[in-house]
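Have a look at start_39.txt below; it lists compact mmCIF, C-alpha atoms.
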# COMPACT_ATOMS: atom_id res chain seq x y z
CA ASP A 1 26.80 -181.97 80.61
CA SER A 2 25.25 -183.29 77.37
CA GLY A 3 26.75 -180.59 75.16
CA VAL A 4 23.31 -179.28 74.19
CA THR A 5 22.60 -175.74 75.32
CA GLN A 6 19.25 -174.02 75.67
CA THR A 7 18.41 -170.41 76.35
CA PRO A 8 16.85 -168.87 78.27
CA LYS A 9 16.71 -171.09 81.34
CA HIS A 10 13.53 -169.47 82.60
CA LEU A 11 10.92 -167.37 80.84
CA ILE A 12 7.90 -165.67 82.37
CA THR A 13 5.38 -164.02 80.10
CA ALA A 14 1.70 -163.19 79.79
CA THR A 15 -1.12 -164.82 77.89
CA GLY A 16 -1.33 -163.77 74.25
CA GLN A 17 2.38 -163.07 73.98
CA ARG A 18 4.98 -164.67 71.72
CA VAL A 19 8.32 -166.13 72.81
CA THR A 20 11.31 -167.75 71.15
CA LEU A 21 13.31 -170.58 72.69
CA ARG A 22 16.77 -171.30 71.40
CA CYS A 23 18.75 -174.52 71.19
CA SER A 24 22.35 -175.17 70.18
CA PRO A 25 23.00 -178.85 69.42
CA ARG A 26 26.15 -180.79 70.22
CA SER A 27 29.00 -180.10 67.87
CA GLY A 28 28.53 -182.11 64.69
CA ASP A 29 24.94 -183.15 65.38
CA LEU A 30 22.61 -182.52 62.45
CA SER A 31 19.29 -183.42 64.11
CA VAL A 32 17.44 -181.32 66.63
CA TYR A 33 14.31 -182.43 68.48
CA TRP A 34 11.89 -180.37 70.55
CA TYR A 35 9.84 -181.77 73.44
CA GLN A 36 7.28 -180.29 75.80
CA GLN A 37 6.99 -181.60 79.36
CA SER A 38 4.00 -180.49 81.37
CA LEU A 39 2.75 -181.90 84.67
CA ASP A 40 -0.36 -183.49 83.23
CA GLN A 41 0.97 -184.76 79.88
CA GLY A 42 4.48 -186.01 80.46
CA LEU A 43 7.16 -185.68 77.81
CA GLN A 44 5.61 -184.96 74.41
CA PHE A 45 7.55 -184.96 71.14
CA LEU A 46 6.87 -181.80 69.15
CA ILE A 47 9.07 -181.72 66.06
CA GLN A 48 12.42 -182.81 64.59
CA TYR A 49 14.70 -181.01 62.17
CA TYR A 50 17.54 -182.61 60.28
CA ASN A 51 20.13 -180.41 58.59
CA GLY A 52 17.70 -177.55 58.19
CA GLU A 53 14.71 -179.55 57.00
CA GLU A 54 11.68 -180.72 58.97
CA ARG A 55 12.01 -184.51 59.42
CA ALA A 56 9.22 -185.60 61.77
CA LYS A 57 6.27 -183.95 63.41
CA GLY A 58 4.51 -184.86 66.63
CA ASN A 59 1.78 -183.17 68.62
CA ILE A 60 2.81 -179.63 67.81
CA LEU A 61 0.13 -176.97 67.93
CA GLU A 62 -0.42 -174.64 64.96
CA ARG A 63 0.51 -171.72 67.26
CA PHE A 64 3.98 -173.24 67.60
CA SER A 65 6.62 -173.29 64.90
CA ALA A 66 10.27 -174.18 64.69
CA GLN A 67 13.19 -173.82 62.36
CA GLN A 68 16.79 -174.91 62.10
CA PHE A 69 19.35 -172.46 60.79
CA PRO A 70 22.43 -173.08 58.58
CA ASP A 71 24.66 -173.13 61.68
CA LEU A 72 22.35 -175.93 62.94
CA HIS A 73 20.98 -174.10 65.95
CA SER A 74 17.21 -174.24 66.26
CA GLU A 75 14.49 -171.97 67.54
CA LEU A 76 11.03 -172.87 68.78
CA ASN A 77 8.52 -170.06 68.44
CA LEU A 78 5.42 -170.10 70.61
CA SER A 79 2.70 -167.54 69.88
CA SER A 80 -0.69 -166.53 71.27
CA LEU A 81 0.41 -168.11 74.51
CA GLU A 82 -2.14 -169.70 76.83
CA LEU A 83 -1.90 -170.69 80.47
CA GLY A 84 -1.72 -174.34 79.39
CA ASP A 85 1.49 -173.70 77.48
CA SER A 86 3.35 -173.38 80.77
CA ALA A 87 5.80 -176.27 80.72
CA LEU A 88 9.41 -177.33 80.44
CA TYR A 89 10.62 -177.31 76.85
CA PHE A 90 13.53 -179.60 76.05
CA CYS A 91 15.73 -179.71 73.03
CA ALA A 92 17.70 -182.81 72.10
CA SER A 93 20.23 -183.51 69.38
CA ASN A 94 22.00 -186.41 67.73
CA PRO A 95 24.00 -187.03 64.59
CA GLY A 96 20.77 -187.67 62.73
CA GLY A 97 19.97 -190.06 59.98
CA ALA A 98 17.14 -192.53 60.19
CA GLY A 99 18.57 -195.25 62.37
CA GLY A 100 16.66 -196.53 65.36
CA THR A 101 19.91 -196.75 67.29
CA ASP A 102 20.50 -193.01 67.48
CA THR A 103 20.85 -191.79 71.04
CA GLN A 104 19.33 -188.40 71.83
CA TYR A 105 21.25 -185.95 73.99
CA PHE A 106 18.98 -183.61 75.89
CA GLY A 107 19.59 -180.04 76.94
CA PRO A 108 18.77 -178.67 80.41
CA GLY A 109 15.44 -177.25 79.25
CA THR A 110 13.66 -173.90 79.28
CA ARG A 111 10.97 -173.42 81.89
CA LEU A 112 8.15 -171.33 80.46
CA THR A 113 5.58 -169.79 82.77
CA VAL A 114 2.56 -168.08 81.24
CA LEU A 115 0.66 -165.82 83.63
CA ASP B 1 3.04 -195.24 67.17
CA ALA B 2 3.82 -198.32 69.20
CA LYS B 3 3.37 -197.67 72.90
CA THR B 4 4.98 -198.88 76.08
CA THR B 5 3.50 -199.61 79.49
CA GLN B 6 5.46 -199.20 82.71
CA PRO B 7 4.53 -199.28 86.41
CA ASN B 8 4.03 -195.80 87.82
CA SER B 9 6.49 -196.26 90.66
CA MET B 10 8.95 -198.68 92.24
CA GLU B 11 11.06 -198.70 95.36
CA SER B 12 14.44 -200.18 96.01
CA ASN B 13 16.98 -200.32 98.81
CA GLU B 14 20.40 -198.87 98.25
CA GLU B 15 23.00 -201.32 96.89
CA GLU B 16 20.36 -203.85 95.89
CA PRO B 17 19.49 -204.78 92.29
CA VAL B 18 16.49 -203.17 90.64
CA HIS B 19 14.45 -204.64 87.81
CA LEU B 20 12.31 -202.11 85.94
CA PRO B 21 9.78 -203.77 83.59
CA CYS B 22 8.35 -202.45 80.35
CA ASN B 23 5.64 -203.95 78.15
CA HIS B 24 5.55 -203.19 74.44
CA SER B 25 3.20 -205.75 72.96
CA THR B 26 2.70 -203.84 69.68
CA ILE B 27 6.40 -203.53 68.91
CA SER B 28 7.31 -203.99 65.27
CA GLY B 29 10.18 -206.10 64.04
CA THR B 30 12.47 -203.15 63.42
CA ASP B 31 11.71 -201.02 66.50
CA TYR B 32 14.61 -200.50 68.87
CA ILE B 33 13.99 -200.44 72.62
CA HIS B 34 15.58 -197.46 74.34
CA TRP B 35 15.72 -196.52 78.00
CA TYR B 36 16.23 -193.02 79.29
CA ARG B 37 16.11 -191.60 82.77
CA GLN B 38 15.35 -188.15 84.06
CA LEU B 39 16.89 -186.95 87.28
CA PRO B 40 15.08 -184.19 89.18
CA SER B 41 15.34 -180.80 87.44
CA GLN B 42 17.33 -182.21 84.52
CA GLY B 43 16.71 -183.29 80.94
CA PRO B 44 16.39 -186.98 80.16
CA GLU B 45 19.63 -188.91 79.70
CA TYR B 46 20.28 -192.04 77.68
CA VAL B 47 20.73 -195.28 79.60
CA ILE B 48 20.79 -198.18 77.16
CA HIS B 49 19.17 -199.59 74.03
CA GLY B 50 18.76 -202.92 72.24
CA LEU B 51 16.98 -204.72 69.43
CA THR B 52 16.82 -208.44 70.19
CA SER B 53 19.77 -209.52 72.31
CA ASN B 54 20.43 -208.62 75.91
CA VAL B 55 22.76 -205.64 76.29
CA ASN B 56 25.15 -204.48 79.00
CA ASN B 57 26.88 -201.17 79.52
CA ARG B 58 28.49 -199.36 82.44
CA MET B 59 25.16 -198.00 83.65
CA ALA B 60 22.80 -200.96 83.35
CA SER B 61 21.73 -204.14 81.59
CA LEU B 62 18.79 -204.60 79.28
CA ALA B 63 17.03 -207.94 79.11
CA ILE B 64 14.71 -208.38 76.13
CA ALA B 65 12.09 -211.12 76.00
CA GLU B 66 12.37 -213.64 73.20
CA ASP B 67 9.11 -212.42 71.63
CA ARG B 68 10.26 -208.78 72.19
CA LYS B 69 6.91 -207.88 73.74
CA SER B 70 8.58 -206.88 76.99
CA SER B 71 11.94 -205.83 78.36
CA THR B 72 13.55 -205.21 81.73
CA LEU B 73 16.09 -202.60 82.70
CA ILE B 74 18.41 -203.92 85.39
CA LEU B 75 20.39 -201.67 87.70
CA HIS B 76 22.80 -204.04 89.39
CA ARG B 77 23.39 -202.01 92.55
CA ALA B 78 21.07 -199.08 93.05
CA THR B 79 22.52 -195.92 94.54
CA LEU B 80 20.75 -192.83 95.80
CA ARG B 81 21.82 -191.09 92.59
CA ASP B 82 19.75 -193.58 90.59
CA ALA B 83 16.52 -192.11 91.96
CA ALA B 84 14.84 -190.81 88.81
CA VAL B 85 12.00 -191.32 86.36
CA TYR B 86 12.88 -194.13 83.95
CA TYR B 87 11.36 -194.12 80.46
CA CYS B 88 11.12 -197.06 78.12
CA ILE B 89 10.56 -195.95 74.52
CA LEU B 90 10.47 -197.51 71.08
CA ARG B 91 12.42 -195.94 68.23
CA GLU B 92 11.43 -196.72 64.67
CA VAL B 93 13.82 -197.08 61.80
CA GLY B 94 13.34 -194.75 58.86
CA THR B 95 11.88 -191.29 58.54
CA ASN B 96 9.86 -191.75 61.74
CA ALA B 97 12.96 -192.58 63.76
CA GLY B 98 12.73 -189.24 65.53
CA LYS B 99 9.22 -189.72 66.86
CA SER B 100 9.72 -191.08 70.34
CA THR B 101 6.69 -191.60 72.55
CA PHE B 102 7.99 -191.32 76.11
CA GLY B 103 4.92 -192.23 78.13
CA ASP B 104 4.72 -191.61 81.88
CA GLY B 105 7.74 -193.65 82.94
CA THR B 106 8.49 -195.34 86.27
CA THR B 107 9.50 -193.21 89.23
CA LEU B 108 12.23 -195.09 91.08
CA THR B 109 12.74 -194.31 94.76
CA VAL B 110 15.95 -195.58 96.36
CA LYS B 111 15.94 -195.92 100.12
CA PRO B 112 19.17 -195.70 102.12

Please express the file's structure as structure tokens.
Amino acid sequence: DSGVTQTPKHLITATGQRVTLRCSPRSGDLSVYWYQQSLDQGLQFLIQYYNGEERAKGNILERFSAQQFPDLHSELNLSSLELGDSALYFCASNPGGAGGTDTQYFGPGTRLTVL
Amino acid sequence: DAKTTQPNSMESNEEEPVHLPCNHSTISGTDYIHWYRQLPSQGPEYVIHGLTSNVNNRMASLAIAEDRKSSTLILHRATLRDAAVYYCILREVGTNAGKSTFGDGTTLTVKP
């Protein structure tokens, strides 16, 4: 158990809909990262937040957005869903900062299925 | 972003050592080399990391080439529970430290 929690575990929805995925980082961690893992594209970094502010951005679509709240939990919002958005979405956390030594602790993931 | 190249798959026998290679020819002087693994139906978990010197921990050893263009993750005695996808990634220092390119990884199969 990494200490990172994600809800829900599974989500099934239809094309065009909007969903929100939630992540609670390990106690004391200031950084939250979101990743998407699909069968054909592997593990893709989406976005990082550090203490409420966006820190780094990866291949995140404009239809997707994220935020980190004052209690440090984070939400990933996915809108106008397409079949290709079906994937596992992982959240990771670490104490933060800008050091290359920081280990990331991953949650169990949310499996999103878009029908 | 600097990228890594790993073999798609490797096989090992149980209780034998496993050497998982990773090439990172475009690594910059301040990039750290991290290894993670992902067991079936789980999120990735940290294995080990290093900068220039070889590193050991309770899970594995990391051997880094002198020119840092390649590294090898060493599992000293593979067990069935080590069957996983192993990712070699580079982590920058600074504001881009969070951007980790995971690549496709190496799927390790351990045979009893």

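All chain B residues having an atom within 7 Å of chain A, based on only C-alpha atoms, amount to Asp31, Tyr32, Gln42, Gly43, Pro44, Glu45, Tyr46, Arg91, Glu92, Val93, Gly94, Thr95, Asn96, Ala97, Gly98, Lys99, Ser100, Thr101, Phe102, Gly103 and Asp104 of chain B.
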
Would you save the residues from that selection as a short mmCIF file (atom, residue, chain, number, x, y, z; two decimals), keeping the file's coordinate frame, using C-alpha atoms?
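In the end it all went to part-v3.cif:
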data_model
loop_
_atom_site.label_atom_id
_atom_site.label_comp_id
_atom_site.auth_asym_id
_atom_site.auth_seq_id
_atom_site.Cartn_x
_atom_site.Cartn_y
_atom_site.Cartn_z
CA ASP B 31 11.71 -201.02 66.50
CA TYR B 32 14.61 -200.50 68.87
CA GLN B 42 17.33 -182.21 84.52
CA GLY B 43 16.71 -183.29 80.94
CA PRO B 44 16.39 -186.98 80.16
CA GLU B 45 19.63 -188.91 79.70
CA TYR B 46 20.28 -192.04 77.68
CA ARG B 91 12.42 -195.94 68.23
CA GLU B 92 11.43 -196.72 64.67
CA VAL B 93 13.82 -197.08 61.80
CA GLY B 94 13.34 -194.75 58.86
CA THR B 95 11.88 -191.29 58.54
CA ASN B 96 9.86 -191.75 61.74
CA ALA B 97 12.96 -192.58 63.76
CA GLY B 98 12.73 -189.24 65.53
CA LYS B 99 9.22 -189.72 66.86
CA SER B 100 9.72 -191.08 70.34
CA THR B 101 6.69 -191.60 72.55
CA PHE B 102 7.99 -191.32 76.11
CA GLY B 103 4.92 -192.23 78.13
CA ASP B 104 4.72 -191.61 81.88
#

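Counting only C-alpha atoms, the residue from A:Arg111, A:Arg63, A:His10, A:Arg26 that sits nearest to A:Leu81 is A:Arg63.
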
Excluding same-chain residues fewer than 2 positions from B:Asn56, what lies within 12 Å of it counting only C-alpha atoms, as a list in words?
Val47, Ile48, His49, Gly50, Ser53, Asn54, Arg58, Met59, Ala60, Ser61, Leu62, Ala63, Ile64, Thr72, Leu73, Ile74, Leu75 and His76 of chain B

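Between atom CA of A:Leu61 and atom CA of B:Tyr87 the interatomic distance comes to 24.0 Å.
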
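Comparing B:Ser28, B:Thr107, B:Trp35, B:Pro112 by their smallest distance to B:Asn8, the closest is B:Thr107 (using only C-alpha atoms).
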
For a test of reading the model, state the distance in Å between atom CA of A:Gly3 and atom CA of A:Gln67, rounded to one decimal.
19.8 Å

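Here atom CA of B:Leu39 stands at a distance of 12.8 Å from atom CA of B:Thr79.
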